[in-house]
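Working notes, structure below.
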Amino acid sequence: MLDECDRTNFRTQFTREPAALRQHPALVLNADFRPLSYYPLSLWPWQEAIKAVFLDRVTILAEYEEVVRSQRQAFKIPSVVVLKEYVRPQKRVAFTRFNLFLRDEFKCQYCGKRGDLTFDHVIPRSRGGITSWENVVAACAPCNLRKANKPLERSGMHLLKPARQPQPEDMLRIGRRFPPGYLHESWMDFLYWDTELEA
């Protein structure tokens, strides 16, 4: 059984490490066969996946054709692994720039444009506004400059949707709409099997 420290490590170790993940990343599934995270997609470098196999923490579900060799044996590189112990999803979404942009679907909350984003305090800090989920939104530079430090009502602008704290389920749902640039074919059966079918 995983102790609390191991659970925390499993929650955090799937964060992307771009250099290590460029070649043969492994999709990491929770014990319920769902990815630990959709965005960023729960991926481990192949070295971590093989280490977890030897520590008997995961089961291999799919493999790449490529092989790595030790002094004694050869191993196919895992492409999909599933945890043997269920890791409870976090109950609260961390307030980070990335999560804010994901909540706002990577678009300006004033004009709807995508692209180079910053963030804006709906009630400006100079007027007592705080930095929180309910008061910060993604904004493009032109809208941010146009609004400046005016209250929303006096700026002549409006929000596309109210700013609110997202639930983990919201982030999962939104994250599915932004797949990473690379999806190995062996991952497909595990990424979208729990989505609702259209009638």
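FYI, nothing fancy with the structure tokens labels: chains A, B, ... in order, residues from 1 per chain, ligands from 1 as they appear.
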
Quiz item: Per DSSP on the backbone, what are the alpha helix (DSSP H) residues of range 38-103 of chain A, as a list in words?
Solution: Trp46, Gln47, Glu48, Ala49, Ile50, Lys51, Ala52, Val53, Phe54, Arg97, Phe98, Asn99, Leu100, Phe101, Leu102 and Arg103 of chain A

Would you mind exporting the chosen residues as a PDB file, in the first residue's frame, restricted to C-alpha atoms?
```
ATOM      1  CA  TRP A  46      10.341   5.906 -19.863  1.00  0.00           C
ATOM      2  CA  GLN A  47      13.012   5.572 -17.148  1.00  0.00           C
ATOM      3  CA  GLU A  48      10.473   6.377 -14.415  1.00  0.00           C
ATOM      4  CA  ALA A  49       8.001   3.902 -15.894  1.00  0.00           C
ATOM      5  CA  ILE A  50      10.552   1.081 -15.865  1.00  0.00           C
ATOM      6  CA  LYS A  51      11.605   1.984 -12.320  1.00  0.00           C
ATOM      7  CA  ALA A  52       7.940   1.853 -11.203  1.00  0.00           C
ATOM      8  CA  VAL A  53       7.595  -1.601 -12.816  1.00  0.00           C
ATOM      9  CA  PHE A  54      10.564  -2.899 -10.805  1.00  0.00           C
ATOM     10  CA  ARG A  97      -1.165  30.983 -14.005  1.00  0.00           C
ATOM     11  CA  PHE A  98      -1.411  27.771 -16.046  1.00  0.00           C
ATOM     12  CA  ASN A  99      -4.632  26.644 -14.314  1.00  0.00           C
ATOM     13  CA  LEU A 100      -6.114  30.119 -14.704  1.00  0.00           C
ATOM     14  CA  PHE A 101      -5.447  30.035 -18.461  1.00  0.00           C
ATOM     15  CA  LEU A 102      -6.861  26.504 -18.643  1.00  0.00           C
ATOM     16  CA  ARG A 103     -10.007  27.541 -16.734  1.00  0.00           C
TER      17      ARG A 103
END
```

Env of Gln167 in chain A: 7 Å cut, atoms = only C-alpha atoms, seq-sep filter 4 positions within chain, self excluded. Answer as an mmCIF file with N, CA and C atoms, in the first residue's frame.
```
data_model
loop_
_atom_site.group_PDB
_atom_site.id
_atom_site.type_symbol
_atom_site.label_atom_id
_atom_site.label_comp_id
_atom_site.auth_asym_id
_atom_site.auth_seq_id
_atom_site.Cartn_x
_atom_site.Cartn_y
_atom_site.Cartn_z
ATOM 1 N N ARG A 92 -8.906 20.217 -4.571
ATOM 2 C CA ARG A 92 -8.888 21.642 -4.881
ATOM 3 C C ARG A 92 -7.899 21.891 -6.005
ATOM 4 N N VAL A 93 -8.248 22.816 -6.863
ATOM 5 C CA VAL A 93 -7.389 23.181 -7.989
ATOM 6 C C VAL A 93 -6.461 24.293 -7.532
ATOM 7 N N MET A 171 -11.764 21.199 -14.630
ATOM 8 C CA MET A 171 -10.453 21.234 -15.262
ATOM 9 C C MET A 171 -10.229 19.984 -16.124
#
```

Quiz prompt | Between CA of Ala163 in chain A and CA of Val136 in chain A - distance in Å to one decimal | solution =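 Pair CA of Val136 in chain A / CA of Ala163 in chain A returns 6.9 Å.
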
Self-check item: Selected residue, from A:Gly129, A:Pro78, A:Pro89, A:Pro151, that lies nearest to Arg34 in chain A when counting only C-alpha atoms
Solution: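 Checking each candidate against Arg34 in chain A, we get A:Pro89 as the closest.
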
Self-check item: Closest of A:Tyr39, A:Trp187, A:Tyr110, A:Phe75 to Arg146 in chain A - atom-to-atom distances counting only C-alpha atoms
Solution: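 For Arg146 in chain A, the nearest of the candidates is A:Tyr110.
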
Quiz item: Between CA of Asp120 in chain A and CA of Val137 in chain A, what is the distance, to one decimal in Å?
Solution: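 So the two atoms, CA of Asp120 in chain A and CA of Val137 in chain A, lie 5.4 Å apart.
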
Exercise. From a DSSP pass on the backbone, collect the residues of range 3-199 of chain A flagged as strand (DSSP E or B) and hand them back as a PyMOL selection string.
Key: chain A and resi 26-29+35+38+41+43-44+58-69+74-83+107+114+117-121+136-140

Once you have the residues from the selection above, write them out as a short mmCIF file (atom, residue, chain, number, x, y, z; two decimals), in the first residue's frame, restricted to C-alpha atoms.
```cif
data_model
loop_
_atom_site.label_atom_id
_atom_site.label_comp_id
_atom_site.auth_asym_id
_atom_site.auth_seq_id
_atom_site.Cartn_x
_atom_site.Cartn_y
_atom_site.Cartn_z
CA ALA A 26 4.62 6.50 -20.80
CA LEU A 27 0.97 7.41 -20.27
CA VAL A 28 0.20 6.93 -16.56
CA LEU A 29 -3.26 5.72 -15.60
CA PRO A 35 -5.27 9.23 -16.74
CA TYR A 38 -5.64 15.16 -18.88
CA LEU A 41 -1.45 14.72 -19.72
CA LEU A 43 3.18 11.24 -18.63
CA TRP A 44 6.36 9.81 -17.17
CA VAL A 58 2.52 -0.27 -11.90
CA THR A 59 1.40 -2.81 -14.46
CA ILE A 60 2.39 -2.41 -18.10
CA LEU A 61 -0.61 -2.25 -20.46
CA ALA A 62 1.16 -1.38 -23.73
CA GLU A 63 4.73 -1.13 -24.96
CA TYR A 64 6.76 0.58 -27.67
CA GLU A 65 8.66 -1.55 -30.13
CA GLU A 66 11.93 -0.02 -28.90
CA VAL A 67 14.01 -1.94 -26.42
CA VAL A 68 16.42 -0.86 -23.69
CA ARG A 69 19.06 -3.19 -22.33
CA ALA A 74 16.36 -6.41 -22.49
CA PHE A 75 13.06 -4.58 -21.88
CA LYS A 76 10.48 -3.18 -24.23
CA ILE A 77 9.80 0.41 -23.24
CA PRO A 78 6.34 0.82 -21.60
CA SER A 79 3.98 3.19 -23.42
CA VAL A 80 1.00 2.80 -21.04
CA VAL A 81 1.18 1.88 -17.34
CA VAL A 82 -1.53 1.65 -14.69
CA LEU A 83 -0.96 2.26 -10.98
CA LYS A 107 -8.64 32.94 -24.44
CA ARG A 114 -6.55 33.38 -28.23
CA LEU A 117 -2.24 36.22 -22.79
CA THR A 118 -1.62 37.93 -19.52
CA PHE A 119 -4.01 38.18 -16.59
CA ASP A 120 -6.20 40.97 -15.32
CA HIS A 121 -7.74 41.80 -11.96
CA VAL A 136 -8.50 37.29 -11.92
CA VAL A 137 -9.10 36.39 -15.57
CA ALA A 138 -7.02 35.72 -18.67
CA ALA A 139 -6.74 38.82 -20.86
CA CYS A 140 -4.96 39.80 -24.05
#
```

Quiz item: Do you have the CA of Thr96 in chain A-CA of Ile130 in chain A distance handy?
Solution: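 So the answer is 14.6 Å.
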
Practice problem: Pick out the residues sitting within 10 Å of Pro142 in chain A, and hand them over as an MDAnalysis selection string; count only C-alpha atoms, and ignore anything fewer than 5 positions along from it in its own chain. | Solution: chainID A and resid 108 111 117 147:148
